[in-house]
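K.L.:
I'm passing along work-v2.csv; it holds CSV, C-alpha atoms.
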chain,number,residue,atom,x,y,z
A,1,VAL,CA,14.7,36.1,-81.3
A,2,GLN,CA,15.2,32.7,-82.8
A,3,LEU,CA,12.2,30.6,-83.7
A,4,GLN,CA,12.0,26.8,-84.1
A,5,ALA,CA,8.8,25.4,-85.7
A,6,SER,CA,7.8,21.8,-85.5
A,7,GLY,CA,4.7,19.5,-85.7
A,8,GLY,CA,4.1,19.3,-89.4
A,9,GLY,CA,3.2,16.1,-91.1
A,10,SER,CA,0.8,14.3,-93.5
A,11,VAL,CA,-2.9,13.7,-92.6
A,12,GLN,CA,-6.1,12.9,-94.4
A,13,ALA,CA,-8.7,15.5,-95.0
A,14,GLY,CA,-10.7,16.0,-91.8
A,15,GLY,CA,-7.7,15.3,-89.6
A,16,SER,CA,-5.9,17.5,-87.1
A,17,LEU,CA,-2.4,18.6,-86.5
A,18,THR,CA,-0.8,21.0,-83.9
A,19,LEU,CA,2.2,23.1,-84.9
A,20,SER,CA,4.5,24.5,-82.3
A,21,CYS,CA,6.9,27.4,-82.5
A,22,ALA,CA,9.4,27.9,-79.7
A,23,ALA,CA,11.1,31.3,-79.3
A,24,SER,CA,14.4,31.8,-77.7
A,25,GLY,CA,17.0,34.6,-77.4
A,26,ARG,CA,19.0,36.6,-74.9
A,27,SER,CA,16.4,39.3,-74.7
A,28,PHE,CA,13.0,37.9,-75.3
A,29,ASN,CA,10.8,40.8,-76.3
A,30,VAL,CA,7.9,39.9,-78.5
A,31,TYR,CA,4.8,41.9,-79.2
A,32,GLY,CA,3.1,39.4,-81.4
A,33,MET,CA,3.5,36.1,-83.2
A,34,GLY,CA,2.0,34.9,-86.3
A,35,TRP,CA,1.6,31.9,-88.5
A,36,PHE,CA,1.9,32.1,-92.3
A,37,ARG,CA,1.8,29.4,-95.0
A,38,GLN,CA,3.1,29.1,-98.5
A,39,ALA,CA,1.9,26.6,-101.0
A,40,PRO,CA,4.0,25.8,-104.2
A,41,GLY,CA,3.8,28.6,-106.7
A,42,LYS,CA,1.9,30.9,-104.3
A,43,GLU,CA,2.8,33.8,-102.1
A,44,ARG,CA,3.2,33.5,-98.4
A,45,GLU,CA,-0.3,33.9,-96.8
A,46,PHE,CA,-1.3,35.1,-93.4
A,47,VAL,CA,-3.0,32.4,-91.3
A,48,ALA,CA,-3.2,33.5,-87.6
A,49,PHE,CA,-1.8,36.0,-85.2
A,50,SER,CA,-1.7,36.4,-81.4
A,51,VAL,CA,-0.7,39.3,-79.3
A,52,TRP,CA,1.8,37.9,-76.8
A,53,SER,CA,0.7,40.0,-73.8
A,54,ASP,CA,-3.0,39.4,-73.8
A,55,GLY,CA,-3.5,36.5,-76.2
A,56,SER,CA,-5.9,38.3,-78.5
A,57,THR,CA,-6.1,36.6,-81.8
A,58,ARG,CA,-6.7,37.2,-85.5
A,59,TYR,CA,-7.4,34.7,-88.3
A,60,VAL,CA,-7.7,34.6,-92.0
A,61,ASP,CA,-11.3,33.9,-93.0
A,62,SER,CA,-10.5,30.5,-94.6
A,63,VAL,CA,-9.4,29.0,-91.2
A,64,LYS,CA,-11.8,30.6,-88.8
A,65,GLY,CA,-13.6,28.0,-86.8
A,66,ARG,CA,-11.0,25.3,-87.7
A,67,PHE,CA,-7.6,26.7,-86.5
A,68,ALA,CA,-6.7,28.1,-83.1
A,69,ILE,CA,-3.6,29.9,-82.2
A,70,SER,CA,-2.5,29.9,-78.5
A,71,ARG,CA,0.6,30.6,-76.5
A,72,ASP,CA,2.4,29.4,-73.4
A,73,ASN,CA,4.2,32.3,-71.9
A,74,ALA,CA,6.2,30.2,-69.6
A,75,LYS,CA,7.6,28.1,-72.5
A,76,ASN,CA,7.9,31.1,-74.9
A,77,THR,CA,5.9,28.9,-77.4
A,78,VAL,CA,3.1,29.6,-79.7
A,79,TYR,CA,0.9,26.8,-81.1
A,80,LEU,CA,-1.4,26.4,-84.0
A,81,ARG,CA,-4.1,23.8,-83.6
A,82,MET,CA,-5.5,22.8,-87.0
A,83,ASN,CA,-8.7,20.8,-87.1
A,84,SER,CA,-10.9,19.7,-90.0
A,85,LEU,CA,-7.9,20.0,-92.4
A,86,LYS,CA,-8.6,20.3,-96.1
A,87,PRO,CA,-6.3,19.6,-99.1
A,88,GLU,CA,-6.1,23.3,-99.7
A,89,ASP,CA,-4.4,23.7,-96.3
A,90,THR,CA,-1.4,21.9,-97.7
A,91,ALA,CA,1.6,24.2,-97.5
A,92,VAL,CA,4.8,25.0,-95.7
A,93,TYR,CA,3.8,26.7,-92.4
A,94,TYR,CA,6.1,29.4,-90.9
A,95,CYS,CA,5.9,31.1,-87.6
A,96,ALA,CA,7.0,34.7,-87.2
A,97,ALA,CA,7.6,37.2,-84.4
A,98,ASP,CA,7.8,40.9,-84.1
A,99,SER,CA,8.8,43.1,-81.1
A,100,ARG,CA,7.4,46.4,-82.3
A,101,THR,CA,4.1,48.1,-82.0
A,102,HIS,CA,2.6,49.2,-85.4
A,103,THR,CA,0.4,52.1,-86.4
A,104,HIS,CA,-1.9,50.4,-88.9
A,105,SER,CA,-4.5,48.0,-87.9
A,106,TYR,CA,-3.8,45.1,-90.2
A,107,TRP,CA,0.0,45.0,-90.1
A,108,TYR,CA,0.0,41.5,-88.7
A,109,ARG,CA,-1.2,40.2,-92.1
A,110,SER,CA,2.0,41.3,-93.9
A,111,PRO,CA,5.1,39.1,-93.9
A,112,GLU,CA,7.4,42.0,-94.3
A,113,GLU,CA,6.3,43.4,-90.9
A,114,TYR,CA,7.9,40.6,-88.9
A,115,GLU,CA,11.5,40.6,-87.7
A,116,SER,CA,12.0,36.9,-87.1
A,117,TRP,CA,11.0,33.8,-88.9
A,118,GLY,CA,11.1,30.1,-88.1
A,119,GLN,CA,12.4,27.6,-90.7
A,120,GLY,CA,9.0,26.3,-91.8
A,121,THR,CA,7.3,22.9,-91.4
A,122,GLN,CA,5.5,21.0,-94.1
A,123,VAL,CA,1.8,20.2,-93.7
A,124,THR,CA,0.3,17.9,-96.3
A,125,VAL,CA,-3.4,17.1,-96.4
A,126,SER,CA,-4.6,14.3,-98.7
A,127,SER,CA,-8.1,13.9,-99.9
Produce structure tokens that represent the structure in this file.
P.N.:
Amino acid sequence: VQLQASGGGSVQAGGSLTLSCAASGRSFNVYGMGWFRQAPGKEREFVAFSVWSDGSTRYVDSVKGRFAISRDNAKNTVYLRMNSLKPEDTAVYYCAADSRTHTHSYWYRSPEEYESWGQGTQVTVSS
């Protein structure tokens, strides 16, 4: 699966952005898709996850109530709507996909559990 992320940009604190991640490939078989972010000098951090089949979602606590992950099955695209953005949300955002089922409950939080990654899109929030 190839992933193409887009939608990053620069906004002021309190603003909104929507990121998109389009998936393509000869045999599209995705179990779940996630969004991660990486700020300079920091490790890649889990942000949000959605199960492709039923749309169930998971979020890191710091974005709950502000960010929303959704998917459009017909377009093979997952979105991350980000509201009430804060300067600490500044990072490169990556989408990721995995086709496998996993045995442990919180696998989706670990970058190493994903097979495919998009190229990253920069989000900058100024105060």
K.L.:
With distances taken over all atoms listed in the file, which residue among A:Ala96, A:Val30, A:Leu19, A:Val63 lies nearest Thr121 of chain A?
P.N.:
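The closest residue to Thr121 of chain A is A:Leu19.
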K.L.:
Just give me the gap between atom CA of Gln2 of chain A and atom CA of His104 of chain A in Å, one decimal is fine.
P.N.:
25.4 Å
K.L.:
State, in Å with one decimal place, the distance from atom CA of Ser20 of chain A to atom CA of Ala91 of chain A.
P.N.:
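Result for atom CA of Ser20 of chain A versus atom CA of Ala91 of chain A: 15.5 Å, one decimal.
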K.L.:
Can you tell me which residues surround Thr18 of chain A at a distance of at most 10 Å, considering all atoms listed in the file, apart from same-chain residues fewer than 2 positions away, and format the answer as a PDB file with C-alpha atoms, in the frame of the given file?
P.N.:
ATOM      1  CA  SER A   6       7.800  21.800 -85.500  1.00  0.00           C
ATOM      2  CA  GLY A   7       4.700  19.500 -85.700  1.00  0.00           C
ATOM      3  CA  GLY A   8       4.100  19.300 -89.400  1.00  0.00           C
ATOM      4  CA  GLY A   9       3.200  16.100 -91.100  1.00  0.00           C
ATOM      5  CA  SER A  16      -5.900  17.500 -87.100  1.00  0.00           C
ATOM      6  CA  SER A  20       4.500  24.500 -82.300  1.00  0.00           C
ATOM      7  CA  PHE A  67      -7.600  26.700 -86.500  1.00  0.00           C
ATOM      8  CA  ALA A  68      -6.700  28.100 -83.100  1.00  0.00           C
ATOM      9  CA  ILE A  69      -3.600  29.900 -82.200  1.00  0.00           C
ATOM     10  CA  TYR A  79       0.900  26.800 -81.100  1.00  0.00           C
ATOM     11  CA  LEU A  80      -1.400  26.400 -84.000  1.00  0.00           C
ATOM     12  CA  ARG A  81      -4.100  23.800 -83.600  1.00  0.00           C
ATOM     13  CA  MET A  82      -5.500  22.800 -87.000  1.00  0.00           C
ATOM     14  CA  ASN A  83      -8.700  20.800 -87.100  1.00  0.00           C
TER      15      ASN A  83
END
K.L.:
Calculated over all atoms listed in the file, which of the candidates A:Pro87, A:Arg37, A:Asn29, A:Val51 has the smallest distance to Gln119 of chain A?
P.N.:
A:Arg37
K.L.:
Work out how far apart atom CA of Gly15 of chain A and atom CA of Trp35 of chain A are and give it in Å to one decimal.
P.N.:
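A separation of 19.1 Å between them.
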K.L.:
Go through A:Thr77, A:Thr90, A:Ser110, A:Ser99 one by one, measure the shortest atom-to-atom distance of each to Ala23 of chain A using only C-alpha atoms, and give the residue with the smallest value.
P.N.:
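Of all the options, A:Thr77 lies closest to Ala23 of chain A.
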K.L.:
Using only C-alpha atoms, which of the listed residues (A:Leu17, A:Met33, A:Ala5, A:Ala74) sits closest to Asp89 of chain A?
P.N.:
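Of A:Leu17, A:Met33, A:Ala5, A:Ala74, the one nearest Asp89 of chain A is A:Leu17, counting only C-alpha atoms.
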K.L.:
Need to verify the contact set: segment 116-118 of chain A, 7 Å, all atoms listed in the file, exclusion of same-chain residues closer than 5 positions in sequence. Can you return it as JSON, numbers by chain?
P.N.:
{"A": [1, 2, 3, 4, 5, 94, 95, 96, 97, 98]}
K.L.:
Give me the residues near Asn76 of chain A as a PyMOL selection string, where near means some atom within 8 Å (using only C-alpha atoms) and where sequence neighbours in that chain fewer than 3 positions away do not count.
P.N.:
chain A and resi 22-24+71-73
K.L.:
Taking into account only C-alpha atoms, which residue in the set A:Glu112, A:Val125, A:Arg100, A:Gln38 is nearest to Gly14 of chain A?
P.N.:
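Counting only C-alpha atoms, the residue closest to Gly14 of chain A is A:Val125.
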K.L.:
When distances are computed from all atoms listed in the file, which of A:Leu85, A:Val123, A:Val11, A:Val92 shows the smallest separation from Arg44 of chain A?
P.N.:
A:Val92
K.L.:
Take the structure in the block and write a file for chain A, C-alpha atoms, as a PDB file, in the first residue's frame.
P.N.:
ATOM      1  CA  VAL A   1       0.000   0.000   0.000  1.00  0.00           C
ATOM      2  CA  GLN A   2       1.290   3.442  -0.930  1.00  0.00           C
ATOM      3  CA  LEU A   3       0.251   6.407   1.180  1.00  0.00           C
ATOM      4  CA  GLN A   4       0.174  10.051   0.164  1.00  0.00           C
ATOM      5  CA  ALA A   5      -0.334  12.606   2.917  1.00  0.00           C
ATOM      6  CA  SER A   6      -1.337  16.206   2.350  1.00  0.00           C
ATOM      7  CA  GLY A   7      -2.998  19.177   4.013  1.00  0.00           C
ATOM      8  CA  GLY A   8      -0.331  20.513   6.330  1.00  0.00           C
ATOM      9  CA  GLY A   9       0.352  24.195   6.726  1.00  0.00           C
ATOM     10  CA  SER A  10       0.845  27.075   9.114  1.00  0.00           C
ATOM     11  CA  VAL A  11      -1.914  28.346  11.368  1.00  0.00           C
ATOM     12  CA  GLN A  12      -2.272  30.445  14.471  1.00  0.00           C
ATOM     13  CA  ALA A  13      -3.142  28.899  17.800  1.00  0.00           C
ATOM     14  CA  GLY A  14      -6.824  28.076  17.945  1.00  0.00           C
ATOM     15  CA  GLY A  15      -7.015  27.440  14.232  1.00  0.00           C
ATOM     16  CA  SER A  16      -7.902  24.297  12.325  1.00  0.00           C
ATOM     17  CA  LEU A  17      -6.411  22.085   9.654  1.00  0.00           C
ATOM     18  CA  THR A  18      -7.481  18.874   7.973  1.00  0.00           C
ATOM     19  CA  LEU A  19      -4.881  16.356   6.886  1.00  0.00           C
ATOM     20  CA  SER A  20      -5.617  13.746   4.236  1.00  0.00           C
ATOM     21  CA  CYS A  21      -3.938  10.446   3.520  1.00  0.00           C
ATOM     22  CA  ALA A  22      -4.813   8.663   0.294  1.00  0.00           C
ATOM     23  CA  ALA A  23      -4.003   4.979   0.046  1.00  0.00           C
ATOM     24  CA  SER A  24      -3.401   3.135  -3.188  1.00  0.00           C
ATOM     25  CA  GLY A  25      -2.056  -0.173  -4.348  1.00  0.00           C
ATOM     26  CA  ARG A  26      -2.860  -3.169  -6.454  1.00  0.00           C
ATOM     27  CA  SER A  27      -4.283  -5.089  -3.555  1.00  0.00           C
ATOM     28  CA  PHE A  28      -5.756  -2.724  -1.048  1.00  0.00           C
ATOM     29  CA  ASN A  29      -6.012  -4.582   2.213  1.00  0.00           C
ATOM     30  CA  VAL A  30      -5.857  -2.388   5.259  1.00  0.00           C
ATOM     31  CA  TYR A  31      -6.863  -3.323   8.767  1.00  0.00           C
ATOM     32  CA  GLY A  32      -6.203   0.051  10.315  1.00  0.00           C
ATOM     33  CA  MET A  33      -4.698   3.448   9.645  1.00  0.00           C
ATOM     34  CA  GLY A  34      -3.027   5.769  12.062  1.00  0.00           C
ATOM     35  CA  TRP A  35      -1.617   9.245  12.336  1.00  0.00           C
ATOM     36  CA  PHE A  36       1.658   9.949  14.074  1.00  0.00           C
ATOM     37  CA  ARG A  37       3.670  13.108  14.539  1.00  0.00           C
ATOM     38  CA  GLN A  38       7.282  13.954  15.164  1.00  0.00           C
ATOM     39  CA  ALA A  39       8.556  17.234  16.503  1.00  0.00           C
ATOM     40  CA  PRO A  40      12.229  18.218  16.151  1.00  0.00           C
ATOM     41  CA  GLY A  41      14.387  16.312  18.587  1.00  0.00           C
ATOM     42  CA  LYS A  42      11.541  14.094  19.709  1.00  0.00           C
ATOM     43  CA  GLU A  43      10.416  10.563  18.978  1.00  0.00           C
ATOM     44  CA  ARG A  44       7.544   9.798  16.679  1.00  0.00           C
ATOM     45  CA  GLU A  45       4.322   9.992  18.690  1.00  0.00           C
ATOM     46  CA  PHE A  46       0.988   8.260  18.176  1.00  0.00           C
ATOM     47  CA  VAL A  47      -1.888  10.674  17.552  1.00  0.00           C
ATOM     48  CA  ALA A  48      -4.951   8.820  16.266  1.00  0.00           C
ATOM     49  CA  PHE A  49      -6.039   5.481  14.821  1.00  0.00           C
ATOM     50  CA  SER A  50      -9.040   4.083  12.998  1.00  0.00           C
ATOM     51  CA  VAL A  51     -10.061   0.553  12.158  1.00  0.00           C
ATOM     52  CA  TRP A  52     -10.812   0.566   8.463  1.00  0.00           C
ATOM     53  CA  SER A  53     -13.781  -1.807   8.530  1.00  0.00           C
ATOM     54  CA  ASP A  54     -15.888  -0.263  11.280  1.00  0.00           C
ATOM     55  CA  GLY A  55     -14.398   3.181  11.807  1.00  0.00           C
ATOM     56  CA  SER A  56     -13.698   2.705  15.494  1.00  0.00           C
ATOM     57  CA  THR A  57     -11.149   5.212  16.728  1.00  0.00           C
ATOM     58  CA  ARG A  58      -8.425   5.739  19.290  1.00  0.00           C
ATOM     59  CA  TYR A  59      -6.618   8.943  20.317  1.00  0.00           C
ATOM     60  CA  VAL A  60      -3.732  10.045  22.422  1.00  0.00           C
ATOM     61  CA  ASP A  61      -5.033  11.925  25.450  1.00  0.00           C
ATOM     62  CA  SER A  62      -3.495  15.243  24.409  1.00  0.00           C
ATOM     63  CA  VAL A  63      -5.706  15.512  21.304  1.00  0.00           C
ATOM     64  CA  LYS A  64      -8.971  14.048  22.564  1.00  0.00           C
ATOM     65  CA  GLY A  65     -11.818  16.450  21.956  1.00  0.00           C
ATOM     66  CA  ARG A  66      -9.750  18.482  19.481  1.00  0.00           C
ATOM     67  CA  PHE A  67      -8.775  16.034  16.734  1.00  0.00           C
ATOM     68  CA  ALA A  68     -10.993  13.632  14.816  1.00  0.00           C
ATOM     69  CA  ILE A  69      -9.921  10.806  12.537  1.00  0.00           C
ATOM     70  CA  SER A  70     -12.302   9.647   9.844  1.00  0.00           C
ATOM     71  CA  ARG A  71     -12.185   7.641   6.643  1.00  0.00           C
ATOM     72  CA  ASP A  72     -13.819   7.541   3.263  1.00  0.00           C
ATOM     73  CA  ASN A  73     -13.870   3.932   2.133  1.00  0.00           C
ATOM     74  CA  ALA A  74     -14.832   4.804  -1.425  1.00  0.00           C
ATOM     75  CA  LYS A  75     -11.789   7.059  -1.791  1.00  0.00           C
ATOM     76  CA  ASN A  76      -9.427   4.894   0.292  1.00  0.00           C
ATOM     77  CA  THR A  77      -8.624   8.019   2.250  1.00  0.00           C
ATOM     78  CA  VAL A  78      -8.264   8.764   5.928  1.00  0.00           C
ATOM     79  CA  TYR A  79      -8.527  12.268   7.364  1.00  0.00           C
ATOM     80  CA  LEU A  80      -7.370  13.988  10.507  1.00  0.00           C
ATOM     81  CA  ARG A  81      -9.404  17.026  11.403  1.00  0.00           C
ATOM     82  CA  MET A  82      -7.482  19.167  13.869  1.00  0.00           C
ATOM     83  CA  ASN A  83      -9.294  21.892  15.782  1.00  0.00           C
ATOM     84  CA  SER A  84      -8.164  24.237  18.550  1.00  0.00           C
ATOM     85  CA  LEU A  85      -4.563  23.783  17.488  1.00  0.00           C
ATOM     86  CA  LYS A  86      -1.825  24.605  19.980  1.00  0.00           C
ATOM     87  CA  PRO A  87       1.835  25.455  19.436  1.00  0.00           C
ATOM     88  CA  GLU A  88       2.730  22.080  20.941  1.00  0.00           C
ATOM     89  CA  ASP A  89       0.914  20.398  18.042  1.00  0.00           C
ATOM     90  CA  THR A  90       3.673  21.630  15.743  1.00  0.00           C
ATOM     91  CA  ALA A  91       5.300  18.625  14.098  1.00  0.00           C
ATOM     92  CA  VAL A  92       5.614  16.629  10.929  1.00  0.00           C
ATOM     93  CA  TYR A  93       2.521  14.448  10.690  1.00  0.00           C
ATOM     94  CA  TYR A  94       2.683  10.986   9.161  1.00  0.00           C
ATOM     95  CA  CYS A  95      -0.040   8.575   8.188  1.00  0.00           C
ATOM     96  CA  ALA A  96       0.519   4.846   8.441  1.00  0.00           C
ATOM     97  CA  ALA A  97      -1.333   1.694   7.508  1.00  0.00           C
ATOM     98  CA  ASP A  98      -1.224  -1.938   8.499  1.00  0.00           C
ATOM     99  CA  SER A  99      -3.001  -4.958   7.042  1.00  0.00           C
ATOM    100  CA  ARG A 100      -2.533  -7.406   9.887  1.00  0.00           C
ATOM    101  CA  THR A 101      -4.499  -8.203  12.971  1.00  0.00           C
ATOM    102  CA  HIS A 102      -2.543  -7.909  16.200  1.00  0.00           C
ATOM    103  CA  THR A 103      -2.700  -9.758  19.470  1.00  0.00           C
ATOM    104  CA  HIS A 104      -1.996  -7.012  21.967  1.00  0.00           C
ATOM    105  CA  SER A 105      -4.527  -4.321  22.651  1.00  0.00           C
ATOM    106  CA  TYR A 106      -2.421  -1.185  22.167  1.00  0.00           C
ATOM    107  CA  TRP A 107      -0.386  -2.191  19.130  1.00  0.00           C
ATOM    108  CA  TYR A 108      -1.689   0.791  17.161  1.00  0.00           C
ATOM    109  CA  ARG A 109       0.344   3.161  19.360  1.00  0.00           C
ATOM    110  CA  SER A 110       3.661   1.722  18.165  1.00  0.00           C
ATOM    111  CA  PRO A 111       5.186   2.985  14.917  1.00  0.00           C
ATOM    112  CA  GLU A 112       7.019  -0.282  14.364  1.00  0.00           C
ATOM    113  CA  GLU A 113       3.707  -2.144  14.033  1.00  0.00           C
ATOM    114  CA  TYR A 114       2.807  -0.431  10.762  1.00  0.00           C
ATOM    115  CA  GLU A 115       3.780  -1.733   7.316  1.00  0.00           C
ATOM    116  CA  SER A 116       3.336   1.395   5.240  1.00  0.00           C
ATOM    117  CA  TRP A 117       4.046   5.077   5.799  1.00  0.00           C
ATOM    118  CA  GLY A 118       3.268   8.299   4.012  1.00  0.00           C
ATOM    119  CA  GLN A 119       5.889  10.943   3.385  1.00  0.00           C
ATOM    120  CA  GLY A 120       4.884  13.349   6.164  1.00  0.00           C
ATOM    121  CA  THR A 121       3.317  16.779   6.091  1.00  0.00           C
ATOM    122  CA  GLN A 122       4.415  19.747   8.201  1.00  0.00           C
ATOM    123  CA  VAL A 123       2.005  21.384  10.633  1.00  0.00           C
ATOM    124  CA  THR A 124       3.158  24.611  12.271  1.00  0.00           C
ATOM    125  CA  VAL A 125       1.086  26.355  14.929  1.00  0.00           C
ATOM    126  CA  SER A 126       2.168  29.817  16.013  1.00  0.00           C
ATOM    127  CA  SER A 127       1.185  31.478  19.255  1.00  0.00           C
TER     128      SER A 127
END
